[in-house]
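J.: Contents are compact mmCIF, C-alpha atoms; file name target.txt:
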```
# COMPACT_ATOMS: atom_id res chain seq x y z
CA MET A 433 126.33 103.55 102.93
CA ARG A 434 122.98 105.02 103.88
CA GLU A 435 124.57 108.44 104.38
CA LEU A 436 126.16 108.17 100.95
CA ALA A 437 122.77 107.32 99.47
CA LYS A 438 121.12 110.33 101.15
CA LYS A 439 123.89 112.64 99.93
CA ARG A 440 123.51 111.45 96.35
CA LEU A 441 119.74 111.68 96.52
CA ASN A 442 119.97 115.30 97.67
CA GLU A 443 122.36 116.11 94.82
CA ASN A 444 120.07 114.38 92.33
CA LEU A 445 117.03 116.19 93.72
CA ASN A 446 118.77 119.57 93.42
CA GLN A 447 119.75 118.79 89.83
CA SER A 448 116.20 117.70 88.98
CA VAL A 449 114.72 120.84 90.55
CA LYS A 450 117.14 122.99 88.54
CA TYR A 451 116.04 121.45 85.25
CA LEU A 452 112.37 121.29 86.21
CA THR A 453 112.34 125.06 86.77
CA LEU A 454 113.63 125.42 83.21
CA VAL A 455 111.20 122.85 81.82
CA PHE A 456 108.13 124.38 83.47
CA ASN A 457 108.73 127.81 81.99
CA ASP A 458 105.99 130.25 81.02
CA PHE A 459 105.55 128.77 77.56
CA PHE A 460 105.28 125.20 78.79
CA ILE A 461 102.86 126.14 81.56
CA LEU A 462 100.71 127.91 78.98
CA ALA A 463 100.81 124.86 76.70
CA LEU A 464 99.99 122.60 79.63
CA ILE A 465 96.98 124.71 80.58
CA PHE A 466 95.66 124.57 77.02
CA LEU A 467 96.32 120.84 76.77
CA VAL A 468 94.69 119.95 80.09
CA GLY A 469 91.76 122.20 79.27
CA ALA A 470 91.31 120.57 75.87
CA LEU A 471 91.52 117.07 77.31
CA MET A 472 89.05 117.85 80.10
CA PHE A 473 86.68 119.45 77.61
CA TRP A 474 86.83 116.38 75.38
CA TYR A 475 86.50 114.08 78.40
CA ALA A 476 83.41 115.88 79.70
CA GLU A 477 81.76 115.92 76.28
CA ALA A 478 82.58 112.25 75.65
CA MET A 479 81.14 111.19 79.01
CA LYS A 480 77.78 112.66 77.99
CA THR A 481 77.40 110.52 74.85
CA MET A 482 79.44 107.46 75.77
CA PRO A 483 77.41 104.23 76.23
CA THR A 484 77.74 102.35 79.51
CA ASN A 485 79.07 98.91 80.41
CA LEU A 486 80.70 97.99 77.11
CA TRP A 487 82.88 94.87 77.31
CA PHE A 488 86.20 96.66 76.81
CA TYR A 489 85.68 99.37 79.45
CA LYS A 490 87.13 97.39 82.34
CA PRO A 491 90.23 96.20 80.43
CA LEU A 492 90.69 99.78 79.23
CA THR A 493 90.53 101.03 82.81
CA GLY A 494 93.17 98.51 83.85
CA PHE A 495 95.36 99.48 80.89
CA ILE A 496 95.15 103.21 81.65
CA LEU A 497 96.00 102.68 85.32
CA TRP A 498 98.90 100.47 84.26
CA LEU A 499 100.55 103.25 82.21
CA PRO A 500 102.11 105.10 85.22
CA LEU A 501 103.88 101.86 86.11
CA LEU A 502 106.09 102.37 83.05
CA THR A 503 107.64 105.42 84.73
CA GLY A 504 109.94 105.51 87.72
CA ARG A 505 112.64 102.96 86.98
CA PHE A 506 114.81 102.01 89.95
CA VAL A 507 117.17 104.87 90.84
CA THR A 508 120.61 103.75 92.02
CA LEU A 509 122.82 106.80 91.26
CA ILE A 510 125.70 104.35 90.94
CA LYS A 511 128.76 105.96 89.32
CA GLU A 512 131.44 104.30 87.26
CA ALA A 513 134.07 105.09 89.87
CA ASP A 514 132.10 103.05 92.42
CA MET A 515 133.32 99.87 90.75
CA GLN A 516 136.75 100.67 92.19
CA PHE A 517 136.04 102.57 95.39
CA LEU A 518 132.97 100.66 96.65
CA PHE A 519 133.85 97.26 95.25
CA THR A 520 134.31 95.76 98.71
CA GLN A 521 130.94 97.00 100.00
CA ASP A 522 128.73 94.30 98.43
CA GLU A 523 127.23 93.28 101.76
CA GLN A 524 126.32 96.89 102.55
CA MET A 525 124.52 97.59 99.28
CA ASP A 526 121.12 96.68 100.74
CA GLU A 527 121.45 99.61 103.14
CA TYR A 528 122.43 101.85 100.25
CA LEU A 529 119.47 100.75 98.09
CA LYS A 530 116.72 101.14 100.71
CA PRO A 531 116.41 104.96 100.44
CA MET A 532 116.85 104.61 96.67
CA HIS A 533 113.84 102.30 96.60
CA ARG A 534 111.66 104.78 98.48
CA TYR A 535 112.82 107.62 96.21
CA SER A 536 111.97 105.57 93.10
CA LEU A 537 108.38 105.14 94.29
CA VAL A 538 107.59 108.87 94.48
CA LEU A 539 107.04 109.68 90.79
CA PRO A 540 104.99 106.60 89.78
CA PHE A 541 102.84 106.86 92.93
CA ILE A 542 102.06 110.54 92.25
CA LEU A 543 101.23 109.84 88.60
CA GLU A 544 99.12 106.82 89.54
CA ILE A 545 97.04 108.76 92.06
CA LEU A 546 96.55 111.71 89.70
CA LEU A 547 95.53 109.46 86.82
CA ALA A 548 93.26 107.46 89.11
CA GLY A 549 91.44 110.67 90.02
CA ILE A 550 90.94 111.52 86.34
CA VAL A 551 89.74 108.04 85.40
CA PHE A 552 87.43 107.76 88.44
CA PRO A 553 84.24 109.07 86.70
CA PHE A 554 84.72 106.79 83.70
CA ALA A 555 85.49 103.73 85.83
CA THR A 556 82.59 104.15 88.24
CA VAL A 557 79.91 105.51 85.87
CA LYS A 558 80.68 103.95 82.50
CA ALA A 559 82.70 100.82 83.35
CA GLY A 560 80.47 99.85 86.27
CA ILE A 561 83.26 99.46 88.86
CA SER A 562 82.13 100.23 92.39
CA VAL A 563 83.97 102.88 94.40
CA TRP A 564 85.35 100.30 96.84
CA ASN A 565 86.58 98.04 94.06
CA TYR A 566 88.16 101.00 92.30
CA ILE A 567 90.10 101.89 95.44
CA LEU A 568 91.31 98.29 95.66
CA LEU A 569 92.31 98.44 91.97
CA VAL A 570 94.42 101.56 92.56
CA LEU A 571 96.04 99.98 95.62
CA ALA A 572 96.82 96.90 93.53
CA MET A 573 98.63 99.10 90.99
CA LEU A 574 100.70 100.69 93.75
CA PHE A 575 101.74 97.30 95.14
CA ILE A 576 102.54 96.04 91.64
CA LYS A 577 104.87 99.00 91.10
CA ASP A 578 106.57 98.27 94.39
CA THR A 579 107.04 94.67 93.23
CA GLU A 580 108.55 95.85 89.95
CA LEU A 581 111.11 97.92 91.83
CA GLU A 582 111.94 94.98 94.10
CA ILE A 583 112.61 92.89 90.98
CA GLU A 584 114.81 95.63 89.52
CA LYS A 585 116.70 95.76 92.81
CA SER A 586 117.16 91.99 92.71
CA ASN A 587 118.53 92.26 89.16
CA LEU A 588 121.40 94.37 90.48
CA TYR A 589 122.99 91.22 91.91
CA PHE A 590 124.61 88.38 90.01
CA GLY A 591 122.19 85.65 89.06
CA LYS A 592 119.09 85.34 86.91
CA LYS A 593 117.65 88.62 85.74
CA LEU A 594 114.08 89.37 84.71
CA SER A 595 113.75 91.85 81.86
CA PHE A 596 111.72 95.00 82.40
CA GLY A 597 109.62 94.21 79.32
CA LEU A 598 108.57 90.83 80.68
CA VAL A 599 107.80 92.24 84.11
CA SER A 600 105.74 95.06 82.54
CA LEU A 601 103.79 92.56 80.43
CA VAL A 602 102.92 90.50 83.50
CA ALA A 603 101.97 93.71 85.32
CA LEU A 604 99.65 94.63 82.45
CA LEU A 605 97.91 91.25 82.61
CA ILE A 606 97.47 91.62 86.37
CA ALA A 607 96.14 95.18 85.88
CA ILE A 608 93.49 93.95 83.42
CA LEU A 609 92.61 91.06 85.74
CA SER A 610 92.35 93.51 88.63
CA ALA A 611 89.73 95.51 86.77
CA TYR A 612 87.45 92.46 87.06
CA TYR A 613 88.69 91.06 90.38
CA PRO A 614 90.37 93.86 92.39
CA MET A 615 90.96 91.66 95.45
CA VAL A 616 92.88 89.14 93.33
CA GLY A 617 95.07 91.88 91.85
CA LEU A 618 95.71 93.40 95.26
CA ALA A 619 96.61 90.00 96.68
CA LEU A 620 99.04 89.33 93.81
CA GLY A 621 100.64 92.74 94.31
CA VAL A 622 101.08 92.23 98.06
CA VAL A 623 102.42 88.70 97.61
CA GLY A 624 104.86 89.88 94.93
CA THR A 625 106.17 92.65 97.19
CA ILE A 626 106.68 90.17 100.04
CA LEU A 627 108.30 87.49 97.87
CA PHE A 628 110.88 89.82 96.37
CA ALA A 629 111.54 91.76 99.57
CA PRO A 630 115.18 91.29 100.65
CA ASN A 631 114.20 90.62 104.25
CA PHE A 632 112.00 87.68 103.26
CA LYS A 633 114.56 84.87 103.24
CA PRO A 634 112.55 82.07 101.66
CA SER A 635 111.36 84.38 98.87
CA PHE A 636 111.45 83.55 95.20
CA GLY A 637 113.45 86.72 94.65
CA ASP A 638 116.08 85.49 97.10
CA LYS A 639 116.19 82.13 95.33
CA MET A 640 116.47 83.78 91.96
CA ASN A 641 119.34 85.97 93.13
CA LYS A 642 121.29 84.75 96.14
CA LYS A 643 122.70 88.25 96.55
CA LEU A 644 126.22 87.08 97.10
CA LEU A 645 127.83 89.58 94.77
CA PHE A 646 126.67 92.94 93.53
CA ASP A 647 126.79 93.24 89.73
CA TRP A 648 128.57 96.57 89.50
CA ARG A 649 128.89 96.60 85.71
CA TYR A 650 125.17 95.96 85.25
CA ALA A 651 124.30 98.59 87.86
CA VAL A 652 126.48 101.23 86.18
CA GLU A 653 125.07 100.55 82.70
CA SER A 654 121.47 100.51 83.99
CA GLU A 655 121.91 103.83 85.76
CA LYS A 656 123.52 105.37 82.68
CA ALA A 657 120.57 104.27 80.56
CA ARG A 658 118.08 105.62 83.13
CA LYS A 659 119.82 108.98 83.37
CA ASP A 660 120.00 109.24 79.60
CA ARG A 661 116.21 108.79 79.40
CA VAL A 662 115.69 111.51 82.02
CA TYR A 663 118.11 113.87 80.28
CA SER A 664 116.34 113.20 76.96
CA VAL A 665 113.10 114.49 78.48
CA PHE A 666 114.81 117.58 79.91
CA SER A 667 116.62 118.23 76.64
CA MET A 668 113.26 118.66 74.89
CA PHE A 669 112.90 121.97 76.73
CA THR A 670 116.40 123.14 77.66
CA ASP A 671 120.09 122.44 77.19
CA VAL A 672 121.37 119.62 79.38
CA GLU A 673 125.10 119.75 80.02
CA GLU A 674 125.28 116.19 81.32
CA LYS A 675 123.66 114.64 78.25
CA GLN A 676 126.05 113.18 75.68
CA VAL A 677 124.76 113.61 72.13
CA SER A 678 125.46 110.85 69.65
CA ILE A 679 125.45 112.12 66.07
CA LYS A 680 124.63 109.46 63.50
CA ARG A 681 123.78 109.29 59.86
CA ARG A 682 120.22 108.51 58.80
CA LYS A 683 120.43 107.27 55.24
CA TYR A 684 116.69 107.47 54.71
CA LEU A 685 116.91 111.27 55.12
CA ASP A 686 119.83 111.78 52.74
CA PHE A 687 117.45 112.89 49.98
CA LEU A 688 116.95 116.12 51.94
CA LEU A 689 120.66 116.92 51.63
CA PRO A 690 122.21 118.21 48.39
CA LYS A 691 123.86 115.60 46.18
CA SER A 692 126.72 117.96 45.39
CA ILE A 693 128.15 120.33 47.99
CA ALA A 694 130.46 122.16 45.58
CA LYS A 695 128.04 125.08 45.18
CA GLU A 696 126.23 124.63 48.48
CA ASN A 697 126.22 127.40 51.06
CA PRO A 698 128.38 126.09 53.99
CA ASN A 699 126.09 127.41 56.74
CA LEU A 700 122.98 126.16 54.98
CA PHE A 701 124.52 122.71 54.59
CA LEU A 702 125.74 122.58 58.21
CA TYR A 703 122.39 123.60 59.68
CA ARG A 704 120.46 121.21 57.46
CA ARG A 705 122.83 118.36 58.31
CA SER A 706 122.59 119.20 62.02
CA LEU A 707 118.79 119.18 61.96
CA LEU A 708 118.72 115.78 60.24
CA ARG A 709 121.47 114.01 62.18
CA ASN A 710 121.46 115.54 65.65
CA PRO A 711 118.97 113.45 67.66
CA GLU A 712 118.14 116.38 69.94
CA TYR A 713 116.79 118.50 67.10
CA LEU A 714 115.31 115.80 64.88
CA ASN A 715 113.64 113.96 67.76
CA LEU A 716 112.26 117.27 69.03
CA LEU A 717 110.71 118.03 65.64
CA VAL A 718 109.25 114.53 65.40
CA ARG A 719 107.92 114.50 68.97
CA MET A 720 106.27 117.90 68.67
CA THR A 721 104.63 116.90 65.38
CA VAL A 722 103.32 113.66 66.88
CA PHE A 723 102.16 115.61 69.93
CA ALA A 724 100.15 118.03 67.77
CA ILE A 725 98.58 115.13 65.86
CA LEU A 726 97.73 113.30 69.08
CA ILE A 727 96.01 116.20 70.79
CA SER A 728 94.10 117.00 67.59
CA TRP A 729 92.81 113.44 67.54
CA LEU A 730 91.87 113.63 71.21
CA VAL A 731 89.94 116.91 71.09
CA GLN A 732 88.12 116.11 67.81
CA ASP A 733 87.32 119.79 67.33
CA TRP A 734 88.93 121.99 64.66
CA ARG A 735 89.02 125.06 66.94
CA TRP A 736 90.95 123.32 69.72
CA ALA A 737 93.11 121.51 67.16
CA LEU A 738 94.01 124.80 65.49
CA GLY A 739 94.83 126.62 68.71
CA LEU A 740 96.91 123.81 70.18
CA SER A 741 98.73 123.14 66.89
CA CYS A 742 99.66 126.83 66.62
CA LEU A 743 101.04 126.62 70.14
CA VAL A 744 102.99 123.46 69.27
CA ILE A 745 104.54 125.09 66.18
CA PHE A 746 105.58 128.12 68.23
CA LEU A 747 107.10 125.89 70.93
CA THR A 748 108.93 123.92 68.23
CA VAL A 749 110.56 127.12 66.95
CA TYR A 750 111.36 128.23 70.48
CA GLN A 751 113.09 124.95 71.31
CA LEU A 752 115.04 124.80 68.02
CA LEU A 753 116.58 128.24 68.55
CA PRO A 754 119.75 126.81 70.22
CA MET A 755 120.80 125.73 66.72
CA ALA A 756 121.79 129.38 66.18
CA THR A 757 124.76 128.96 68.55
CA GLU A 758 125.54 125.31 67.88
CA PHE A 759 128.85 125.96 66.12
CA ASP A 760 130.02 128.87 68.27
CA ARG A 761 132.41 126.69 70.25
CA ASN A 762 133.59 124.70 67.25
CA PHE A 763 137.22 125.62 66.63
CA MET A 764 137.22 124.49 63.00
CA TYR A 765 134.13 126.56 62.26
CA ARG A 766 135.94 129.67 63.48
CA VAL A 767 139.17 128.86 61.64
CA TYR A 768 137.71 128.02 58.23
CA PRO A 769 136.88 130.96 55.93
CA ILE A 770 133.12 130.57 56.30
CA GLU A 771 131.02 133.67 55.80
CA ARG A 772 129.11 134.27 59.02
CA GLN A 773 127.30 137.50 58.24
CA ASP A 774 124.23 135.77 56.78
CA ARG A 775 124.27 132.60 58.80
CA GLY A 776 121.12 133.68 60.64
CA LYS A 777 119.24 133.83 57.33
CA ASP A 778 120.53 130.36 56.45
CA LEU A 779 119.24 128.99 59.76
CA VAL A 780 115.84 130.60 59.13
CA LYS A 781 115.68 128.86 55.73
CA VAL A 782 116.42 125.46 57.27
CA LEU A 783 113.92 125.86 60.11
CA THR A 784 111.31 127.16 57.66
CA LEU A 785 111.64 123.93 55.68
CA GLY A 786 111.28 121.88 58.88
CA LEU A 787 108.19 123.81 59.99
CA LEU A 788 106.57 123.48 56.57
CA ILE A 789 107.06 119.71 56.75
CA GLN A 790 105.50 119.80 60.22
CA TRP A 791 102.53 121.79 58.86
CA VAL A 792 102.06 119.35 55.96
CA LEU A 793 102.04 116.32 58.29
CA ILE A 794 99.61 117.95 60.74
CA SER A 795 97.30 118.96 57.88
CA ILE A 796 97.30 115.46 56.38
CA PHE A 797 96.39 113.88 59.71
CA TRP A 798 93.69 116.50 60.26
CA LEU A 799 92.10 115.35 57.01
CA LEU A 800 92.33 111.74 58.19
CA LEU A 801 91.23 112.18 61.81
CA LEU A 802 88.87 115.16 61.94
CA PRO A 803 85.46 115.68 60.30
CA ILE A 804 86.04 117.14 56.83
CA ASN A 805 84.21 120.41 56.27
CA VAL A 806 84.84 123.99 55.21
CA ASN A 807 85.99 124.94 58.72
CA LEU A 808 88.72 122.31 58.64
CA PHE A 809 90.17 123.67 55.39
CA GLU A 810 90.02 127.18 56.84
CA ALA A 811 91.92 125.92 59.90
CA ILE A 812 94.60 124.41 57.64
CA GLY A 813 94.98 127.75 55.88
CA ILE A 814 95.13 129.68 59.16
CA LEU A 815 97.77 127.28 60.49
CA LEU A 816 99.85 127.90 57.36
CA VAL A 817 99.52 131.68 57.78
CA PHE A 818 100.52 131.41 61.45
CA THR A 819 103.56 129.31 60.52
CA ALA A 820 104.56 131.86 57.89
CA LEU A 821 104.22 134.72 60.38
CA VAL A 822 106.37 132.91 62.95
CA VAL A 823 109.19 132.23 60.46
CA ALA A 824 108.92 135.72 58.97
CA THR A 825 108.86 137.78 62.18
CA TYR A 826 109.61 135.98 65.45
CA LEU A 827 112.28 133.55 64.20
CA PRO A 828 114.56 136.05 62.35
CA ASN A 829 114.35 138.51 65.24
CA ARG A 830 115.38 135.91 67.84
CA VAL A 831 118.16 134.48 65.66
CA ARG A 832 119.51 138.00 65.01
CA LYS A 833 119.66 138.74 68.74
CA MET A 834 121.44 135.45 69.48
CA ASN A 835 124.02 136.08 66.75
CA GLN A 836 124.64 139.62 67.94
CA LYS A 837 125.20 138.35 71.46
CA ASN A 838 127.73 135.70 70.40
CA PHE A 839 129.44 137.13 67.32
CA GLY A 840 128.33 140.73 67.24
CA ILE A 841 126.88 140.21 63.76
CA ARG A 842 123.49 140.59 62.21
```
What do you get writing this file as structure tokens?
T.:
Amino acid sequence: MRELAKKRLNENLNQSVKYLTLVFNDFFILALIFLVGALMFWYAEAMKTMPTNLWFYKPLTGFILWLPLLTGRFVTLIKEADMQFLFTQDEQMDEYLKPMHRYSLVLPFILEILLAGIVFPFATVKAGISVWNYILLVLAMLFIKDTELEIEKSNLYFGKKLSFGLVSLVALLIAILSAYYPMVGLALGVVGTILFAPNFKPSFGDKMNKKLLFDWRYAVESEKARKDRVYSVFSMFTDVEEKQVSIKRRKYLDFLLPKSIAKENPNLFLYRRSLLRNPEYLNLLVRMTVFAILISWLVQDWRWALGLSCLVIFLTVYQLLPMATEFDRNFMYRVYPIERQDRGKDLVKVLTLGLLIQWVLISIFWLLLLPINVNLFEAIGILLVFTALVVATYLPNRVRKMNQKNFGIR
């Protein structure tokens, strides 16, 4: 079973590396550099004027260090076929899950250490936490994450199951407590890891789940949900073959569709409907808009907000370009007498509407979050001009090339 686990982990690692090379492309690296630079600039400026030893600094430190614990759910790589072919291997599942447990710790541990390094100046200078206590606090977070994974592992067997939300809430309370009493938090983390460890026979985790039978159905559904979350992140930047898209109607967006389709352009209607009902495209548009608003609020400077928002709008267009080939493999689209010569122009119209909505939302939140002055209104105008240039030059050119490649049309 351990060899099977190692084989699946290698396959999963190769798949992750393949998508990560696509995610961390030139555009994303550029955006990441700008974002990190903006955040560090804001952080350095805020540290100069921020008062020291306010009452909420320590709870805030605990909360920030708790955030990486939300990542890195327990990886099992259990497949649906395992319910038939590995059904008799219940007693061997502990051996299978041991390397999975170690693999699941990698991402949250890396994120925790990186975030701890960023928060270190604030925690030691402004929050008044000593260096030694801060190290204990970080160690407490690492042990708490290990405990969370032990609980998730225990949930894979028949018996009482603790929800991830409840466990995360308890972890948050311990993280805040640890900001005041790091030794207490570290002790709770170590005790939790020991109690839920499978080799500790009198543990609470062993009493909660006697580990007589492996809950295959629960394991399969949990792994499907975990993979879907991972694929959703990858799909923000590239096409993911393994991800199954669920198209659903959103009634609250029906006002953006024409009431009568008798005189509606078929391509225009299809693209507009796809943008509103395909979660990949709609969620991408929403996430990028929220991202632009968030970084604008963080930097609190119209220059950085303008530059980063322009970059976000460009990345939004870049990631929505696959809509140009969405119907290429649809048999009915090819059979029906739909004019395809101008479908690129129809797509540009739909994406232009989406980008204008994005610009309006960003501008409104700028007026709410940033200091209102003449420069801010100039930035709003420049952002509109940049959006217009993107949809007038870059977008039609890329759509034309994609259509020529697939249909040989302009």
J.: Return the single residue from A:Met573, A:Ala824, A:Lys593, A:Ile725 that is closest to Ser741 (chain A), with distances computed using only C-alpha atoms.
T.: A:Ile725
J.: Would you mind telling me which residue in A:Leu645, A:Val672, A:Val602, A:Leu574 lies nearest to Gln447 (chain A) when using all atoms listed in the file?
T.: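 Nearest to Gln447 (chain A): A:Val672.
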J.: Find, counting all atoms listed in the file, the residue in A:Asn715, A:Ile550, A:Thr481, A:Arg830 that gets nearest to Leu753 (chain A).
T.: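 Closest candidate: A:Arg830.
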J.: For Ile496 (chain A), find every residue with an atom within 12 Å (counting all atoms listed in the file), except residues of its own chain fewer than 2 positions away, and show them as a ChimeraX atom specification.
T.: /A:489-494,498-502,543-552,554-555,569-570,573,604,607-608,611
J.: Extract, using all atoms listed in the file, all DNA, RNA and protein residues at most 8 Å from Gly560 (chain A), discarding same-chain residues fewer than 3 positions from it, and format them as a short mmCIF file (atom, residue, chain, number, x, y, z; two decimals) with C-alpha atoms, in the frame of the given file.
T.:
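Final file, out-v2.cif:
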```cif
data_model
loop_
_atom_site.label_atom_id
_atom_site.label_comp_id
_atom_site.auth_asym_id
_atom_site.auth_seq_id
_atom_site.Cartn_x
_atom_site.Cartn_y
_atom_site.Cartn_z
CA THR A 484 77.74 102.35 79.51
CA ASN A 485 79.07 98.91 80.41
CA ALA A 555 85.49 103.73 85.83
CA THR A 556 82.59 104.15 88.24
CA VAL A 557 79.91 105.51 85.87
#
```
J.: So that I can see what lies close to Leu452 (chain A), please list as a list of chain:residue names the residues with an atom at most 12 Å from it, counting all atoms listed in the file and leaving out residues fewer than 3 positions away in the same chain.
T.: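 That gives A:Leu445, A:Asn446, A:Gln447, A:Ser448, A:Val449, A:Val455, A:Phe456, A:Asn457, A:Phe460, A:Ile461, A:Val662, A:Tyr663, A:Val665, A:Phe666, A:Ser667, A:Met668, A:Phe669, A:Thr670, A:Asp671, A:Val672.
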J.: As an exercise, work out the distance from CA of Leu730 (chain A) to CA of Leu799 (chain A) in Å and give it to one decimal place.
T.: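 Separation of CA of Leu730 (chain A) and CA of Leu799 (chain A): 14.3 Å.
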J.: Here is a test: counting only C-alpha atoms, which residue of A:Leu783, A:Val731, A:Ala820, A:Val616 is nearest to Leu467 (chain A)?
T.: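 Of all the options, A:Val731 lies closest to Leu467 (chain A).
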J.: Do a neighbour search on Ser654 (chain A) at 10 Å with all atoms listed in the file, toss out local chain neighbours closer than 6 positions, and write the hits as a PDB file with C-alpha atoms, in the coordinates of the input.
T.:
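In the end it all went to selection.pdb:
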```
ATOM      1  CA  ARG A 505     112.640 102.960  86.980  1.00  0.00           C
ATOM      2  CA  PHE A 506     114.810 102.010  89.950  1.00  0.00           C
ATOM      3  CA  VAL A 507     117.170 104.870  90.840  1.00  0.00           C
ATOM      4  CA  THR A 508     120.610 103.750  92.020  1.00  0.00           C
ATOM      5  CA  LEU A 509     122.820 106.800  91.260  1.00  0.00           C
ATOM      6  CA  ILE A 510     125.700 104.350  90.940  1.00  0.00           C
ATOM      7  CA  GLU A 584     114.810  95.630  89.520  1.00  0.00           C
ATOM      8  CA  LEU A 588     121.400  94.370  90.480  1.00  0.00           C
ATOM      9  CA  TRP A 648     128.570  96.570  89.500  1.00  0.00           C
ATOM     10  CA  ASP A 660     120.000 109.240  79.600  1.00  0.00           C
TER      11      ASP A 660
END
```
J.: With a distance cut-off of 7 Å and all atoms listed in the file, select the neighbouring residues of region 800-809 of chain A, excluding the residue or stretch itself and same-chain residues fewer than 6 positions from it, and output the selection as a list in words.
T.: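 With the cut-off at 7 Å, the set is Trp729, Gln732 and Trp734 of chain A.
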J.: Between CA of Leu785 (chain A) and CA of Met755 (chain A), what distance in Å does the model show, to one decimal?
T.: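 One can read the CA of Leu785 (chain A) to CA of Met755 (chain A) distance as 14.5 Å.
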J.: What is the distance between CA of Glu810 (chain A) and CA of Leu738 (chain A), in Å to one decimal?
T.: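 Taking CA of Glu810 (chain A) as the start and CA of Leu738 (chain A) as the end point, the length is 9.8 Å.
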